[in-house]
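> Contents are mmCIF, C-alpha atoms; file name input_11.cif:
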```cif
data_work
loop_
_atom_site.group_PDB
_atom_site.id
_atom_site.type_symbol
_atom_site.label_atom_id
_atom_site.label_comp_id
_atom_site.auth_asym_id
_atom_site.auth_seq_id
_atom_site.Cartn_x
_atom_site.Cartn_y
_atom_site.Cartn_z
ATOM 1 C CA MET H 10 10.470 22.845 143.038
ATOM 2 C CA THR H 11 13.786 24.633 143.750
ATOM 3 C CA VAL H 12 17.010 24.276 141.823
ATOM 4 C CA LYS H 13 18.652 22.606 144.828
ATOM 5 C CA SER H 14 16.013 19.913 144.986
ATOM 6 C CA ILE H 15 16.403 19.304 141.253
ATOM 7 C CA VAL H 16 20.176 18.964 141.564
ATOM 8 C CA PHE H 17 20.492 17.179 144.862
ATOM 9 C CA GLY H 18 17.316 15.130 144.754
ATOM 10 C CA PRO H 19 18.612 12.479 142.340
ATOM 11 C CA VAL H 20 21.927 12.404 144.201
ATOM 12 C CA GLY H 21 20.137 11.736 147.462
ATOM 13 C CA VAL H 22 18.048 8.975 145.929
ATOM 14 C CA SER H 23 21.207 7.449 144.428
ATOM 15 C CA LEU H 24 22.911 7.478 147.813
ATOM 16 C CA LEU H 25 19.900 5.785 149.410
ATOM 17 C CA CYS H 26 20.025 3.094 146.746
ATOM 18 C CA ALA H 27 23.828 2.824 146.734
ATOM 19 C CA SER H 28 23.886 -0.519 148.502
ATOM 20 C CA ILE H 29 22.292 -2.105 145.444
ATOM 21 C CA ALA H 30 25.352 -1.363 143.335
ATOM 22 C CA ALA H 31 28.010 -1.765 146.028
ATOM 23 C CA ALA H 32 29.814 -4.575 144.264
ATOM 24 C CA CYS H 33 33.309 -3.133 143.970
ATOM 25 C CA PRO H 34 36.301 -5.223 145.085
ATOM 26 C CA LEU H 35 36.607 -3.071 148.210
ATOM 27 C CA CYS H 36 32.895 -2.944 149.078
ATOM 28 C CA HIS H 37 31.932 -4.631 152.356
ATOM 29 C CA THR H 38 28.823 -6.268 150.968
ATOM 30 C CA ASP H 39 27.866 -9.738 149.836
ATOM 31 C CA LEU H 40 28.257 -8.631 146.224
ATOM 32 C CA GLY H 41 31.634 -7.087 146.998
ATOM 33 C CA GLN H 42 32.715 -10.360 148.588
ATOM 34 C CA GLN H 43 31.630 -12.255 145.462
ATOM 35 C CA VAL H 44 33.650 -9.872 143.296
ATOM 36 C CA ARG H 45 36.720 -10.383 145.481
ATOM 37 C CA ASP H 46 36.269 -14.140 145.350
ATOM 38 C CA GLY H 47 35.945 -13.967 141.576
ATOM 39 C CA ILE H 48 39.096 -11.896 141.158
ATOM 40 C CA PHE H 49 41.388 -13.446 143.740
ATOM 41 C CA GLY H 50 40.240 -17.028 143.364
ATOM 42 C CA ALA H 51 42.117 -19.978 141.934
ATOM 43 C CA ASP H 52 42.182 -18.364 138.495
ATOM 44 C CA PHE H 53 43.905 -15.161 139.598
ATOM 45 C CA TRP H 54 47.442 -16.043 138.507
ATOM 46 C CA PRO H 55 46.437 -17.639 135.188
ATOM 47 C CA ASN H 56 44.235 -14.631 134.412
ATOM 48 C CA LEU H 57 47.041 -12.240 135.336
ATOM 49 C CA PHE H 58 49.349 -14.171 133.037
ATOM 50 C CA PHE H 59 46.802 -14.001 130.203
ATOM 51 C CA VAL H 60 46.311 -10.259 130.555
ATOM 52 C CA PHE H 61 50.049 -9.594 130.882
ATOM 53 C CA LEU H 62 51.228 -11.953 128.115
ATOM 54 C CA PRO H 63 51.133 -9.580 125.090
ATOM 55 C CA PHE H 64 53.216 -6.888 126.780
ATOM 56 C CA PRO H 65 56.610 -8.683 126.927
ATOM 57 C CA ILE H 66 56.090 -9.427 123.245
ATOM 58 C CA PHE H 67 55.471 -5.733 122.569
ATOM 59 C CA LEU H 68 58.659 -4.799 124.417
ATOM 60 C CA SER H 69 60.622 -7.474 122.563
ATOM 61 C CA LEU H 70 59.411 -6.155 119.209
ATOM 62 C CA ALA H 71 60.352 -2.611 120.224
ATOM 63 C CA ALA H 72 63.809 -3.805 121.277
ATOM 64 C CA ALA H 73 64.237 -5.541 117.921
ATOM 65 C CA LEU H 74 63.294 -2.321 116.127
ATOM 66 C CA HIS H 75 65.618 -0.312 118.369
ATOM 67 C CA TYR H 76 68.722 -2.396 117.756
ATOM 68 C CA GLY H 77 68.000 -4.095 114.476
ATOM 69 C CA PHE H 78 66.572 -1.519 112.104
ATOM 70 C CA GLY H 79 66.868 2.071 111.018
ATOM 71 C CA ARG H 80 70.636 2.472 111.119
ATOM 72 C CA ARG H 81 72.631 3.620 108.144
ATOM 73 C CA THR H 82 76.386 3.825 108.469
ATOM 74 C CA PRO H 83 78.251 6.101 106.074
ATOM 75 C CA ASN H 84 80.763 4.395 103.855
ATOM 76 C CA ALA H 85 79.137 1.060 104.616
ATOM 77 C CA LYS H 86 78.896 0.442 100.898
ATOM 78 C CA GLY H 87 81.830 2.113 99.354
ATOM 79 C CA ALA H 88 81.729 5.879 99.672
ATOM 80 C CA GLU H 89 77.989 6.251 100.282
ATOM 81 C CA SER H 90 76.997 9.788 101.137
ATOM 82 C CA THR H 91 75.518 10.585 104.530
ATOM 83 C CA GLU H 92 73.229 13.126 102.973
ATOM 84 C CA PRO H 93 69.636 12.024 102.627
ATOM 85 C CA LYS H 94 68.501 10.754 99.285
ATOM 86 C CA HIS H 95 64.915 11.497 100.220
ATOM 87 C CA ALA H 96 64.208 13.727 103.158
ATOM 88 C CA ASP H 97 60.741 14.779 104.121
ATOM 89 C CA ASN H 98 60.145 18.448 104.869
ATOM 90 C CA ILE H 99 63.189 19.403 102.871
ATOM 91 C CA GLU H 100 62.591 21.401 99.760
ATOM 92 C CA VAL H 101 64.788 21.129 96.748
ATOM 93 C CA ARG H 102 66.757 24.243 96.191
ATOM 94 C CA ASN H 103 69.938 25.300 94.498
ATOM 95 C CA HIS H 104 69.221 22.682 91.918
ATOM 96 C CA GLY H 105 72.090 22.263 89.507
ATOM 97 C CA ARG H 106 74.638 24.088 91.627
ATOM 98 C CA MET V 25 78.365 10.041 112.138
ATOM 99 C CA ASP V 26 75.831 7.227 111.814
ATOM 100 C CA ASP V 27 72.240 7.993 110.964
ATOM 101 C CA ASN V 28 70.325 5.932 113.484
ATOM 102 C CA ARG V 29 66.544 5.889 113.281
ATOM 103 C CA GLY V 30 66.230 2.872 115.600
ATOM 104 C CA PRO V 31 65.652 4.856 118.822
ATOM 105 C CA LEU V 32 62.964 6.998 117.153
ATOM 106 C CA ILE V 33 61.247 3.976 115.580
ATOM 107 C CA SER V 34 61.228 1.927 118.793
ATOM 108 C CA ALA V 35 60.006 4.841 120.934
ATOM 109 C CA ALA V 36 57.202 5.800 118.558
ATOM 110 C CA THR V 37 56.261 2.140 118.052
ATOM 111 C CA LEU V 38 55.821 1.700 121.810
ATOM 112 C CA LEU V 39 53.753 4.886 121.880
ATOM 113 C CA GLY V 40 51.647 3.495 119.025
ATOM 114 C CA ILE V 41 51.181 0.206 120.863
ATOM 115 C CA GLY V 42 50.064 2.082 123.961
ATOM 116 C CA LEU V 43 47.730 4.409 122.101
ATOM 117 C CA GLY V 44 46.334 1.463 120.126
ATOM 118 C CA GLY V 45 45.699 -0.327 123.399
ATOM 119 C CA PHE V 46 43.848 2.701 124.722
ATOM 120 C CA VAL V 47 41.720 2.822 121.564
ATOM 121 C CA ASP V 48 40.805 -0.827 122.146
ATOM 122 C CA GLY V 49 40.075 -0.301 125.818
ATOM 123 C CA ILE V 50 38.184 2.957 125.506
ATOM 124 C CA LEU V 51 36.265 2.180 122.320
ATOM 125 C CA PHE V 52 35.500 -1.536 122.582
ATOM 126 C CA HIS V 53 35.590 -2.126 126.351
ATOM 127 C CA GLN V 54 33.940 1.048 127.579
ATOM 128 C CA ILE V 55 32.041 2.993 124.913
ATOM 129 C CA LEU V 56 30.740 0.195 122.687
ATOM 130 C CA GLN V 57 31.092 -2.529 125.373
ATOM 131 C CA THR V 58 31.395 -5.259 122.739
ATOM 132 C CA HIS V 59 33.764 -7.159 125.004
ATOM 133 C CA ASN V 60 35.820 -6.953 128.160
ATOM 134 C CA MET V 61 39.048 -8.670 129.118
ATOM 135 C CA LEU V 62 37.598 -12.030 130.173
ATOM 136 C CA THR V 63 34.119 -12.001 128.649
ATOM 137 C CA ALA V 64 34.654 -15.316 126.857
ATOM 138 C CA ILE V 65 35.311 -16.913 130.268
ATOM 139 C CA LEU V 66 33.074 -14.721 132.421
ATOM 140 C CA PRO V 67 30.214 -13.385 130.269
ATOM 141 C CA ARG V 68 28.968 -10.004 131.436
ATOM 142 C CA VAL V 69 25.528 -11.303 132.371
ATOM 143 C CA THR V 70 25.670 -10.481 136.069
ATOM 144 C CA LEU V 71 26.860 -7.486 138.041
ATOM 145 C CA VAL V 72 29.556 -9.586 139.718
ATOM 146 C CA ASN V 73 30.950 -10.774 136.378
ATOM 147 C CA ALA V 74 30.873 -7.207 135.043
ATOM 148 C CA GLU V 75 32.829 -6.022 138.079
ATOM 149 C CA ILE V 76 35.391 -8.814 137.731
ATOM 150 C CA ASN V 77 35.852 -7.936 134.057
ATOM 151 C CA MET V 78 36.217 -4.284 135.038
ATOM 152 C CA PHE V 79 39.089 -5.223 137.350
ATOM 153 C CA TRP V 80 40.946 -7.061 134.563
ATOM 154 C CA ASP V 81 40.205 -4.218 132.139
ATOM 155 C CA GLY V 82 41.866 -1.923 134.659
ATOM 156 C CA LEU V 83 44.986 -4.093 134.806
ATOM 157 C CA PHE V 84 45.094 -4.155 131.005
ATOM 158 C CA HIS V 85 44.917 -0.360 130.978
ATOM 159 C CA ALA V 86 47.645 -0.186 133.626
ATOM 160 C CA PHE V 87 50.006 -2.286 131.488
ATOM 161 C CA THR V 88 49.070 -0.191 128.457
ATOM 162 C CA TRP V 89 49.831 2.984 130.409
ATOM 163 C CA ILE V 90 53.249 1.626 131.436
ATOM 164 C CA THR V 91 54.002 0.808 127.783
ATOM 165 C CA THR V 92 53.067 4.353 126.796
ATOM 166 C CA VAL V 93 55.270 5.853 129.497
ATOM 167 C CA ILE V 94 58.226 3.708 128.403
ATOM 168 C CA GLY V 95 57.670 4.905 124.829
ATOM 169 C CA LEU V 96 57.546 8.512 126.005
ATOM 170 C CA ALA V 97 60.780 8.113 127.986
ATOM 171 C CA LEU V 98 62.524 6.518 125.005
ATOM 172 C CA LEU V 99 61.287 9.332 122.763
ATOM 173 C CA TRP V 100 62.715 11.926 125.149
ATOM 174 C CA ARG V 101 66.061 10.120 125.150
ATOM 175 C CA ALA V 102 66.027 9.824 121.366
ATOM 176 C CA PHE V 103 65.500 13.573 121.025
ATOM 177 C CA GLY V 104 68.627 14.134 123.080
ATOM 178 C CA ARG V 105 70.812 12.163 120.692
ATOM 179 C CA ALA V 106 72.599 13.882 117.842
ATOM 180 C CA ASP V 107 72.584 10.808 115.590
ATOM 181 C CA VAL V 108 68.800 10.338 115.608
ATOM 182 C CA PRO V 109 67.017 12.168 112.779
ATOM 183 C CA ARG V 110 63.779 13.977 113.594
ATOM 184 C CA SER V 111 61.670 12.716 110.747
ATOM 185 C CA THR V 112 57.922 13.255 110.858
ATOM 186 C CA LYS V 113 57.319 10.412 108.436
ATOM 187 C CA THR V 114 59.365 8.013 110.526
ATOM 188 C CA PHE V 115 57.584 9.131 113.698
ATOM 189 C CA VAL V 116 54.044 8.882 112.302
ATOM 190 C CA GLY V 117 54.864 5.643 110.494
ATOM 191 C CA SER V 118 56.177 4.110 113.701
ATOM 192 C CA LEU V 119 53.050 5.208 115.595
ATOM 193 C CA ILE V 120 50.866 3.463 112.992
ATOM 194 C CA LEU V 121 53.190 0.452 112.993
ATOM 195 C CA GLY V 122 52.784 0.214 116.763
ATOM 196 C CA TRP V 123 49.009 0.378 116.538
ATOM 197 C CA GLY V 124 49.079 -2.395 113.944
ATOM 198 C CA LEU V 125 51.386 -4.513 116.082
ATOM 199 C CA PHE V 126 49.018 -4.105 119.002
ATOM 200 C CA ASN V 127 46.014 -5.248 116.961
ATOM 201 C CA LEU V 128 47.902 -8.180 115.467
ATOM 202 C CA VAL V 129 49.650 -9.454 118.601
ATOM 203 C CA GLU V 130 46.723 -8.872 120.949
ATOM 204 C CA GLY V 131 44.341 -10.362 118.397
ATOM 205 C CA VAL V 132 46.403 -13.506 117.900
ATOM 206 C CA ILE V 133 47.126 -14.083 121.595
ATOM 207 C CA ASP V 134 43.908 -13.030 123.328
ATOM 208 C CA HIS V 135 41.354 -13.791 120.615
ATOM 209 C CA GLN V 136 42.800 -16.820 118.837
ATOM 210 C CA VAL V 137 45.298 -18.600 121.119
ATOM 211 C CA LEU V 138 43.963 -17.961 124.635
ATOM 212 C CA GLY V 139 40.373 -17.204 123.646
ATOM 213 C CA ILE V 140 39.763 -15.037 126.715
ATOM 214 C CA HIS V 141 37.628 -12.602 124.739
ATOM 215 C CA HIS V 142 36.593 -11.772 121.200
ATOM 216 C CA VAL V 143 36.033 -8.426 119.504
ATOM 217 C CA TYR V 144 32.265 -8.940 119.425
ATOM 218 C CA GLU V 145 31.089 -11.576 121.866
ATOM 219 C CA TYR V 146 27.447 -11.634 120.975
ATOM 220 C CA ALA V 147 27.485 -12.942 117.400
ATOM 221 C CA ASP V 148 29.715 -14.920 115.070
ATOM 222 C CA HIS V 149 32.930 -13.616 116.522
ATOM 223 C CA LEU V 150 35.273 -15.090 113.901
ATOM 224 C CA LEU V 151 34.459 -12.437 111.311
ATOM 225 C CA TRP V 152 35.057 -9.606 113.788
ATOM 226 C CA ASP V 153 38.272 -11.201 115.018
ATOM 227 C CA MET V 154 39.568 -11.589 111.465
ATOM 228 C CA ALA V 155 38.683 -7.970 110.668
ATOM 229 C CA PHE V 156 40.639 -6.890 113.762
ATOM 230 C CA LEU V 157 43.669 -8.918 112.665
ATOM 231 C CA ALA V 158 43.379 -7.558 109.121
ATOM 232 C CA SER V 159 43.348 -3.998 110.464
ATOM 233 C CA GLY V 160 46.584 -4.830 112.270
ATOM 234 C CA VAL V 161 48.234 -6.064 109.079
ATOM 235 C CA VAL V 162 47.065 -2.998 107.135
ATOM 236 C CA PHE V 163 48.359 -0.610 109.816
ATOM 237 C CA ILE V 164 51.711 -2.423 109.881
ATOM 238 C CA LEU V 165 52.065 -2.123 106.107
ATOM 239 C CA ILE V 166 51.117 1.570 106.100
ATOM 240 C CA GLY V 167 53.472 2.280 108.988
ATOM 241 C CA TRP V 168 56.312 0.391 107.382
ATOM 242 C CA MET V 169 55.879 2.237 104.086
ATOM 243 C CA LEU V 170 55.964 5.596 105.887
ATOM 244 C CA ILE V 171 59.075 4.571 107.802
ATOM 245 C CA ARG V 172 60.792 3.557 104.578
ATOM 246 C CA GLY V 173 59.994 6.962 103.124
ATOM 247 C CA GLY V 174 61.240 8.782 106.203
ATOM 248 C CA SER V 175 64.414 10.788 106.335
ATOM 249 C CA PHE V 176 67.822 9.524 107.332
ATOM 250 C CA GLY V 177 69.014 13.140 107.522
ATOM 251 C CA ARG V 178 71.183 14.415 110.300
ATOM 252 C CA ALA V 179 69.494 15.562 113.494
ATOM 253 C CA ARG V 180 72.190 18.091 114.335
ATOM 254 C CA ALA V 181 73.959 20.218 111.801
ATOM 255 C CA PRO V 182 77.617 21.075 112.348
ATOM 256 C CA GLY V 183 77.974 23.753 114.979
ATOM 257 C CA ASN V 184 75.403 21.994 117.196
ATOM 258 C CA ARG V 185 72.534 23.879 115.600
ATOM 259 C CA GLU V 186 69.298 22.233 114.647
ATOM 260 C CA PRO V 187 69.014 21.682 110.906
ATOM 261 C CA ARG V 188 66.649 24.001 109.084
ATOM 262 C CA SER V 189 64.382 21.070 108.264
ATOM 263 C CA VAL V 190 63.754 20.645 111.997
ATOM 264 C CA ARG V 191 62.967 24.333 112.368
ATOM 265 C CA GLY V 192 60.462 24.097 109.539
ATOM 266 C CA GLU V 193 62.651 26.016 107.107
ATOM 267 C CA GLU V 194 64.398 24.932 103.999
ATOM 268 C CA GLY V 195 66.933 22.246 104.657
ATOM 269 C CA PRO V 196 70.639 22.485 104.036
ATOM 270 C CA PHE V 197 70.722 19.420 101.851
ATOM 271 C CA ILE V 198 70.466 19.204 98.129
ATOM 272 C CA ARG V 199 68.376 16.343 96.841
ATOM 273 C CA GLN V 200 70.356 13.900 94.747
ATOM 274 C CA THR V 201 68.906 13.720 91.250
#
```
Would you mind giving the structure from this file in structure tokens?

Amino acid sequence: MTVKSIVFGPVGVSLLCASIAAACPLCHTDLGQQVRDGIFGADFWPNLFFVFLPFPIFLSLAAALHYGFGRRTPNAKGAESTEPKHADNIEVRNHGR
Amino acid sequence: MDDNRGPLISAATLLGIGLGGFVDGILFHQILQTHNMLTAILPRVTLVNAEINMFWDGLFHAFTWITTVIGLALLWRAFGRADVPRSTKTFVGSLILGWGLFNLVEGVIDHQVLGIHHVYEYADHLLWDMAFLASGVVFILIGWMLIRGGSFGRARAPGNREPRSVRGEEGPFIRQT
């Protein structure tokens, strides 16, 4: 048995049997037609709404975080410093200067 | 100048939501195959039902991809702003917050309210659904704590140079004690 037959043999068999699994939405088979009917039937728009529904909520939450949190204005409370009270990746140095 | 972490938090949160969605889709839908998008309505017991679920999984991934791209675009814009601090804690915390928000919102809507699928369809799904929601709450708390500990420091030092903290060197600020 040659290497080619080992490699291409299973591929050839798969191609011969491909009609069995040809159930994609674009496949021109009975199974493909059933898939299309199942997707684009009466439930298409409700299902699309169900799948899409969380995403406007995600965007709304992100917008709330964008405009509503994380801002610190200097002098908002008296003469508050703009320098960080706790800054990551910043080492303390010149302590006591 | 204001210290404004909002653009960084929102961008990284959207990225976290997107990446959390991909974890759900890749891990649960494809690798473990514990559920698909509509498996509570169309159980994956026939090839046709599996193909229909695959279609809706694909749309879910498409929306997740769009969310990720929006987060990436917002992150790019945030990096171009002088008033947005580049804090690793804030960034990582927002990523985790986003992942938690995904688990919580998607879990409440899809699993509890709409009931179009459950985390594990083939057994008592309530326990799995509750664990998924709990993971969302835990991620949100961890993310929020990291964000609170993140820096408000300036993104641009005077003279339009990056602060040393951004370049990985010692920062110009003195910690208040």
> Kindly extract all protein, DNA and RNA residues lying within 10 Å of the coordinates (57.5, 9.9, 110.4) given in the file, considering all atoms listed in the file, and supply them as a VMD selection string.
(chain H and resid 97) or (chain V and resid 32 to 33 36 110 to 120 167 170 to 175)
> Could you give me the axis-aligned bounding box of segment 111-126 of chain V, with 5 Å of padding per side, as centre plus edge lengths in Å to one decimal, as AutoDock Vina command-line options?

```
--center_x 55.3 --center_y 4.4 --center_z 113.7 --size_x 22.7 --size_y 27.8 --size_z 20.6
```
> Out of V:Leu165, V:Val129, V:Ala102, V:Ala86, which residue has the shortest atom-to-atom distance to chain H when counting only C-alpha atoms?
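Closest to chain H, using only C-alpha atoms: V:Val129.
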> Run the PyMOL selection byres ((chain V and resi 125) around 9) mentally over the shown coordinates, then write out the matched residues as a ChimeraX atom specification, using the chain letters and numbers from the document.
/H:67,70 /V:37,40-41,44,120-124,126-130,160-161,163-164
> Do you know which residues are at most 9 Å from segment 66-72 of chain V counting only C-alpha atoms, after dropping those on the same chain fewer than 4 positions away, and could you put them as a ChimeraX atom specification?
/H:30,32-33,40-41,43-44,47 /V:59-60,62,76-77,140,145
> Provide the atom CA of Thr58 of chain V to atom CA of Val143 of chain V distance in Å, to one decimal place.
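Atom-to-atom, atom CA of Thr58 of chain V to atom CA of Val143 of chain V, that is 6.5 Å.
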> To one decimal place, how far is atom CA of Leu157 of chain V from atom CA of Ala97 of chain V in Å?
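Distance reported for this atom pair: 28.6 Å.
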> Env of Val60 of chain H: 12 Å cut, atoms = only C-alpha atoms, seq-sep filter 4 positions within chain, self excluded. Answer as a list in words.
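Near neighbours after the sequence-gap exclusion: Phe53, Trp54, Pro55, Asn56, Phe64 and Pro65 of chain H; Asn60, Met61, Leu62, Asn77, Phe79, Trp80, Asp81, Gly82, Leu83, Phe84, His85, Ala86, Phe87, Thr88, Glu130, Ile133, Asp134, His135, Leu138, Gly139, Ile140 and His141 of chain V.
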> Find the distance between atom CA of Tyr146 of chain V and atom CA of Val162 of chain V and write it in Å to one decimal.
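Here the two named atoms are 25.5 Å from each other.
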> Smallest atom-to-atom distance to Gly104 of chain V: which of V:Gly49, V:Gln54, V:Asp153, V:Pro31, using all atoms listed in the file?
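Looking at the shortest contact to Gly104 of chain V, the residue is V:Pro31.
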> With distances taken over only C-alpha atoms, which of V:Leu51, V:Asp107, V:Ala155, V:Leu56 is nearest to chain H?
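Once distances to chain H are computed over only C-alpha atoms, the minimum belongs to V:Asp107.
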> Find, counting all atoms listed in the file, the residue in V:Gly131, V:Leu96, V:Asp48, V:Leu43 that gets nearest to chain H.
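When distances to chain H are compared using all atoms listed in the file, the smallest one comes from V:Gly131.
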> If we count all atoms listed in the file, what is near Trp89 of chain V at a cut-off of 9 Å, once residues fewer than 6 positions away on the same chain are taken out, given as a list of chain:residue names?
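In the requested form, the answer reads V:Gly42, V:Leu43, V:Gly45, V:Phe46.
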> Using all atoms listed in the file, which of V:Phe103, V:Gln136, V:Leu150, V:Val108 sits nearest chain H?
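That would be V:Val108, the residue with the smallest distance to chain H.
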